[in-house]
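Structure record follows, encoded as structure tokens.
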Amino acid sequence: MVALATPASSAAPAPSAPIRLNQIGLLPDGPKRALLPDAATAPLRWTLADARGATVASGETIVIGDDAASGEHLHLIDFGGFTGRGEGFRLHVGARESRPFAVQPGLYAPLKHAALNYFYQSRAGTPIEARYAGGDRWARPAGHPHEIVTCVAGTDEQGNRWPGCANSYDVTGGWYDAGDHGKYVVNGGIALWTLLDLYERGQRWKAPPFADGSAALPEAGNGTSDLLDEARWEMNFLLAMQAPAGTTMAVVPDVARAAKGLAPVPTDVSGMAFHKVADEHWTALPMPPQDDPERRVLFPPSTAATLNLAATAAQCARIWRTIDPAFSARCLDAAQRAFAAAEAHPDIYPVADFTGSGGYGDGALADEFYWAAAELFVTTGAPHYRAAIEASPFFRGPQAGEFGWPTTATLGTIALATLPSALPAADRVRLGKAIVAAADGFLSDEARVGYRIPYDPPAYPWGSNSNLLNRAILLALAGDITGKPAYRDGVIDAMDYILGRNPLDRSFVSGFGARPMTQPHHRFWAHAADAALPPPPPGVLSGGPNSSSRRADEIGAAMGPCAPQRCWADDWRAFSMNEVAINWNAPLVWVAAWLDAHG
């Protein structure tokens with residue numbers, strides 16, 4: 001079992017350094033870039049010194065100039081030609097110097113393990129033990145054990161009345177979604193997909209990630225990959241969220257958003273997935289999950305949740321086929337029933353508008369249908385699923401791109417292009433080219449951004465860091481498909497930004513770097529709000545800068561004008577900028593593991 005990194009601290013961060021670079025170090029055979037804000041319009045002389053102070057490389061900065069994303073006038077220090085290794089290197093530009101940094105392999109192994117441990121510590125329904133969580137401070141009793149719940153009932157925020165349901169359902173387990181105690185099938189789906197995709201992809205690597213016994217988990221040593229042990233915790237929860245045969249519930253079809261005057265209709269929802277289970281009202285902050293005083297309620301099924309179940313259960317069926325045939329068969333049955341239920345009810349949206357949890361509403365479901373059909377086709381080769389994918393515009397004119405929980409078509413393209421299946425080779429090549437084209441677009445973005453990252457949105461949205469890391473996944477896949485090093489360089493550039501090469505000179509990952517995030521918006525990792533509670537464990541990713549909706553919280557509202565990359569605060573109250581979430585940490589695990597294997 002690999003030990004976790006140094007515990008995160010709630011203390012004030014170290015002073016900012018004038019030269020910004022990745023705070024955990026640089027890989028010997030990767031790009032080596034640092035950024036310097038400086039008003040000079042001519043190149044500046046830089047030197048690289050080793051731990052003894054001897055100059056080992058030198059050159060001139062590249063003047064980037066004014067950069068809209070950071071609000072700075074920037075100079076690029078590119079020392080990629082340096083091939084030395086070691087610790088204690090420093091960059092100098094005149095009297096300014098960087099912090100000491102390492103150039104060595106193996107930098108991402110601690111990060112991938114800490115990032116995966118986030119999921120263990122986010123488990124619901126089981127005690128979190130100090131020996132797996134990194135110490136006593138993070139141990140806690142089980143949150144929401146024996147979670148047997150019934151359906152939400154009463155009048156919602158729009159004035160619509162929901163009748164509830166007669167039955168109760170056992171939905172114990174799964175992962176808490178984010179800073180709250182909600183458990184959502186939609187967001188759980190993409191987080192689970194990311195971990196399962198990493199497992200499938202990693203089987204082709206020289207050393208597959210998270211071999212049995214390598215992670216800090218209760219299941220370590222059971223003969224199964226630790227990555228699958230963690231993924232199975234969530235898979236079991238998603239399976240429990242499937243409505244059994246004969247389930248009738250009040251739902252509202254054909255309405256894609258919350259509205260007044262809805263008339264829920266009793267409907268046979270057998271095989272569909274309940275949208276979420278959550279608190280009846282928002283809990284206060286802080287609030288350890290074991291102390292949650294709110295009543296837990298189950299929300300009606302949605303087509304989006306049902307398709308998330310179908311897609312991930314199809315992954316489960318093929319992955320566990322030889323590992324645990326009985327579990328594989330259970331997953332395949334659930335996936336097939338879910339897809340059939342979604343086809344029978346293609347337009348049931350999550351419109352029960354109650355406080356206490358996130359909505360995760362999605363008004364366009366063609367992408368989820370394509371994704372789920374693709375996963376089922378890869379698993380089964382059945383003509384019905386092939387017909388479904390071939391009828392989809394996402395297959396006929398493939399365009400891959402940045403993905404997320406509401407935009408999942410690219411996940412289907414990834415499965416069809418990169419995994420063995422009955423799809424003709426010509427189609428797999430065509431879909432692979434769409435992935436490469438998307439990656440090329442990201443590299444074009446990088447050339448325009450001062451901090452040289454493959455991300456150039458008009459405004460930085462909620463969870464911008466996860467968007468960047470999902471782009472890094474596509475860059476990594478393009479590198480795997482083509483073998484071209486430029487895509488790997490783009491992955492490294494994305495991680496450099498996450499770990500400190502940004503205008504804030506902050507690592508957005510707790511416990512990693514000289515200036516890590518320390519105050520996430522979280523109800524248990526809330527030392528800044530209550531000294532009796534712990535800071536975040538190592539490996540927790542902040543959502544990151546948010547220039548589009550930061551005023552949703554009091555900290556964002558109080559901030560003055562800010563360049564997009566600067567609209568961030570390390571403050572536990574800043575939920576629009578500093579929340580954490582399973583769908584954000586999952587790509588951190590994926591990318592860190594890929595870099596560890598390819599570094």
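So you can find residues: chains in the structure tokens are A, B, ... in the order shown, residues in each start at 1, and ligands are numbered from 1 in order.
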
Just want the 9 Å neighbourhood of stretch 491-499 of chain A, counted on only C-alpha atoms, with same-chain residues fewer than 4 positions away dropped. Output as number ranges by chain. A: 21-27, 30-33, 446, 451-455, 465, 468-469, 471-476, 486-487, 505-509, 512-513, 516, 541, 544, 588, 591-592, 595

Residues near stretch 167-173 of chain A, cut-off 7 Å, only C-alpha atoms, skip fewer than 6 positions along chain, as an NGL selection string: :A and (123-125 or 145-150 or 237 or 240-241)

Pick from A:His275, A:Arg501, A:Arg52, A:Arg296: nearest to A:Gly86, with only C-alpha atoms counted? A:Arg52

Compile the contact shell of A:Pro398 as a PyMOL selection string: residues with an atom at most 10 Å away, counting only C-alpha atoms, same-chain residues fewer than 5 positions apart removed. chain A and resi 392-393+409-410+413+430-435

Just write the chosen residues, N, CA and C atoms, as a PDB file, in the first residue's frame.
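Dumped to selection_4.pdb:
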```pdb
ATOM      1  N   SER A 392     -27.301   7.746 -34.927  1.00  0.00           N
ATOM      2  CA  SER A 392     -26.994   8.970 -34.195  1.00  0.00           C
ATOM      3  C   SER A 392     -26.159   9.930 -35.033  1.00  0.00           C
ATOM      4  N   PRO A 393     -26.467  11.221 -34.980  1.00  0.00           N
ATOM      5  CA  PRO A 393     -25.617  12.198 -35.688  1.00  0.00           C
ATOM      6  C   PRO A 393     -24.200  12.247 -35.125  1.00  0.00           C
ATOM      7  N   ALA A 409     -21.448  12.723 -25.475  1.00  0.00           N
ATOM      8  CA  ALA A 409     -21.303  12.011 -26.755  1.00  0.00           C
ATOM      9  C   ALA A 409     -19.859  11.587 -26.988  1.00  0.00           C
ATOM     10  N   THR A 410     -18.902  12.416 -26.597  1.00  0.00           N
ATOM     11  CA  THR A 410     -17.503  12.071 -26.820  1.00  0.00           C
ATOM     12  C   THR A 410     -17.121  10.791 -26.087  1.00  0.00           C
ATOM     13  N   THR A 413     -17.823   8.073 -28.426  1.00  0.00           N
ATOM     14  CA  THR A 413     -16.819   8.041 -29.489  1.00  0.00           C
ATOM     15  C   THR A 413     -15.515   7.434 -28.992  1.00  0.00           C
ATOM     16  N   ARG A 430     -12.130   6.375 -38.384  1.00  0.00           N
ATOM     17  CA  ARG A 430     -12.837   7.645 -38.594  1.00  0.00           C
ATOM     18  C   ARG A 430     -13.151   8.323 -37.264  1.00  0.00           C
ATOM     19  N   LEU A 431     -13.601   7.554 -36.292  1.00  0.00           N
ATOM     20  CA  LEU A 431     -13.908   8.109 -34.979  1.00  0.00           C
ATOM     21  C   LEU A 431     -12.631   8.536 -34.260  1.00  0.00           C
ATOM     22  N   GLY A 432     -11.559   7.774 -34.440  1.00  0.00           N
ATOM     23  CA  GLY A 432     -10.285   8.164 -33.848  1.00  0.00           C
ATOM     24  C   GLY A 432      -9.797   9.494 -34.393  1.00  0.00           C
ATOM     25  N   LYS A 433     -10.022   9.728 -35.684  1.00  0.00           N
ATOM     26  CA  LYS A 433      -9.620  11.006 -36.277  1.00  0.00           C
ATOM     27  C   LYS A 433     -10.387  12.171 -35.649  1.00  0.00           C
ATOM     28  N   ALA A 434     -11.619  11.927 -35.221  1.00  0.00           N
ATOM     29  CA  ALA A 434     -12.381  12.986 -34.548  1.00  0.00           C
ATOM     30  C   ALA A 434     -11.740  13.345 -33.213  1.00  0.00           C
ATOM     31  N   ILE A 435     -11.228  12.339 -32.513  1.00  0.00           N
ATOM     32  CA  ILE A 435     -10.529  12.601 -31.245  1.00  0.00           C
ATOM     33  C   ILE A 435      -9.270  13.418 -31.507  1.00  0.00           C
TER      34      ILE A 435
END
```

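The nearest approach to A:Arg396 among the residues A:Glu200, A:Glu554, A:Glu579, A:Asp427, with only C-alpha atoms taken into account, belongs to A:Asp427.
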
Excluding stretch 87-92 of chain A and residues on its chain fewer than 3 positions from it, collect all residues at most 8 Å away from it, counting only C-alpha atoms, and give them as a list in words.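 So the residues in contact are Ile19, Trp46, Thr47, Leu48, Ala49, Asp50, Ala51, Ala95, Arg96, Glu97, Ser98, Arg99, Pro100, Phe101, Ala102, Val103 and Gln104 of chain A.
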
Go ahead and write the selection's residues with N, CA and C atoms as a PDB file, in the first residue's frame.
```pdb
ATOM      1  N   ILE A  19       8.164  33.901 -10.458  1.00  0.00           N
ATOM      2  CA  ILE A  19       8.243  33.024 -11.625  1.00  0.00           C
ATOM      3  C   ILE A  19       7.340  31.827 -11.368  1.00  0.00           C
ATOM      4  N   TRP A  46      17.519  34.941 -18.886  1.00  0.00           N
ATOM      5  CA  TRP A  46      17.229  34.034 -17.772  1.00  0.00           C
ATOM      6  C   TRP A  46      18.374  33.031 -17.628  1.00  0.00           C
ATOM      7  N   THR A  47      18.533  32.527 -16.408  1.00  0.00           N
ATOM      8  CA  THR A  47      19.494  31.462 -16.142  1.00  0.00           C
ATOM      9  C   THR A  47      18.836  30.400 -15.281  1.00  0.00           C
ATOM     10  N   LEU A  48      19.327  29.182 -15.433  1.00  0.00           N
ATOM     11  CA  LEU A  48      18.897  28.056 -14.604  1.00  0.00           C
ATOM     12  C   LEU A  48      20.094  27.603 -13.783  1.00  0.00           C
ATOM     13  N   ALA A  49      19.932  27.603 -12.451  1.00  0.00           N
ATOM     14  CA  ALA A  49      21.017  27.191 -11.558  1.00  0.00           C
ATOM     15  C   ALA A  49      20.656  25.876 -10.890  1.00  0.00           C
ATOM     16  N   ASP A  50      21.675  25.053 -10.643  1.00  0.00           N
ATOM     17  CA  ASP A  50      21.429  23.805  -9.922  1.00  0.00           C
ATOM     18  C   ASP A  50      21.483  24.053  -8.422  1.00  0.00           C
ATOM     19  N   ALA A  51      21.390  22.986  -7.637  1.00  0.00           N
ATOM     20  CA  ALA A  51      21.310  23.124  -6.177  1.00  0.00           C
ATOM     21  C   ALA A  51      22.565  23.755  -5.589  1.00  0.00           C
ATOM     22  N   ALA A  95      17.033  39.962 -10.613  1.00  0.00           N
ATOM     23  CA  ALA A  95      17.022  39.686  -9.177  1.00  0.00           C
ATOM     24  C   ALA A  95      15.908  38.736  -8.775  1.00  0.00           C
ATOM     25  N   ARG A  96      15.053  38.381  -9.695  1.00  0.00           N
ATOM     26  CA  ARG A  96      13.917  37.510  -9.372  1.00  0.00           C
ATOM     27  C   ARG A  96      14.295  36.046  -9.566  1.00  0.00           C
ATOM     28  N   GLU A  97      13.795  35.223  -8.654  1.00  0.00           N
ATOM     29  CA  GLU A  97      14.102  33.799  -8.753  1.00  0.00           C
ATOM     30  C   GLU A  97      12.873  32.969  -8.417  1.00  0.00           C
ATOM     31  N   SER A  98      12.875  31.778  -8.948  1.00  0.00           N
ATOM     32  CA  SER A  98      11.791  30.833  -8.660  1.00  0.00           C
ATOM     33  C   SER A  98      12.054  30.128  -7.330  1.00  0.00           C
ATOM     34  N   ARG A  99      11.079  29.416  -6.870  1.00  0.00           N
ATOM     35  CA  ARG A  99      11.333  28.474  -5.778  1.00  0.00           C
ATOM     36  C   ARG A  99      12.213  27.348  -6.306  1.00  0.00           C
ATOM     37  N   PRO A 100      12.878  26.616  -5.422  1.00  0.00           N
ATOM     38  CA  PRO A 100      13.611  25.432  -5.883  1.00  0.00           C
ATOM     39  C   PRO A 100      12.634  24.379  -6.392  1.00  0.00           C
ATOM     40  N   PHE A 101      13.011  23.685  -7.439  1.00  0.00           N
ATOM     41  CA  PHE A 101      12.124  22.673  -8.008  1.00  0.00           C
ATOM     42  C   PHE A 101      12.948  21.484  -8.494  1.00  0.00           C
ATOM     43  N   ALA A 102      12.270  20.376  -8.663  1.00  0.00           N
ATOM     44  CA  ALA A 102      12.909  19.135  -9.105  1.00  0.00           C
ATOM     45  C   ALA A 102      12.674  18.924 -10.594  1.00  0.00           C
ATOM     46  N   VAL A 103      13.612  18.256 -11.230  1.00  0.00           N
ATOM     47  CA  VAL A 103      13.433  17.715 -12.583  1.00  0.00           C
ATOM     48  C   VAL A 103      13.757  16.233 -12.471  1.00  0.00           C
ATOM     49  N   GLN A 104      12.712  15.397 -12.447  1.00  0.00           N
ATOM     50  CA  GLN A 104      12.923  13.970 -12.224  1.00  0.00           C
ATOM     51  C   GLN A 104      11.669  13.188 -12.581  1.00  0.00           C
TER      52      GLN A 104
END
```

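Minimum distance to A:Ile190 across A:Gln315, A:Ser122, A:Gln565, A:Ser357 (counting only C-alpha atoms) occurs at A:Gln315.
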
Which residue is closest to A:Asn578? Choose from A:Arg551, A:Lys260, A:His521, A:His598 and count only C-alpha atoms.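 Using only C-alpha atoms, A:Asn578 sits closest to A:His521.
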
How many Å lie between atom CA of A:Glu129 and atom CA of A:Ala586, rounded to one decimal?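 Distance between the two atoms: 21.5 Å.
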
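Between atom CA of A:Ala304 and atom CA of A:Trp594 there is a distance of 29.2 Å.
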
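The smallest atom-to-atom distance between A:Leu107 and any of A:Gly363, A:Pro28, A:Gly84, A:Gly539, using only C-alpha atoms, is found for A:Pro28.
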
Given only C-alpha atoms as the counted atoms, nearest of A:Gln519, A:Thr247, A:Gln121, A:Ser547 to A:Tyr176: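 So, comparing all the options, the nearest one is A:Gln121.
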
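For A:Ala569, the list of residues within 9 Å, based on only C-alpha atoms and with local chain neighbours fewer than 3 positions off taken out, reads A:Gly544, A:Pro545, A:Ile555, A:Gly556, A:Arg566, A:Trp572, A:Ala574, A:Met577, A:Asn578.
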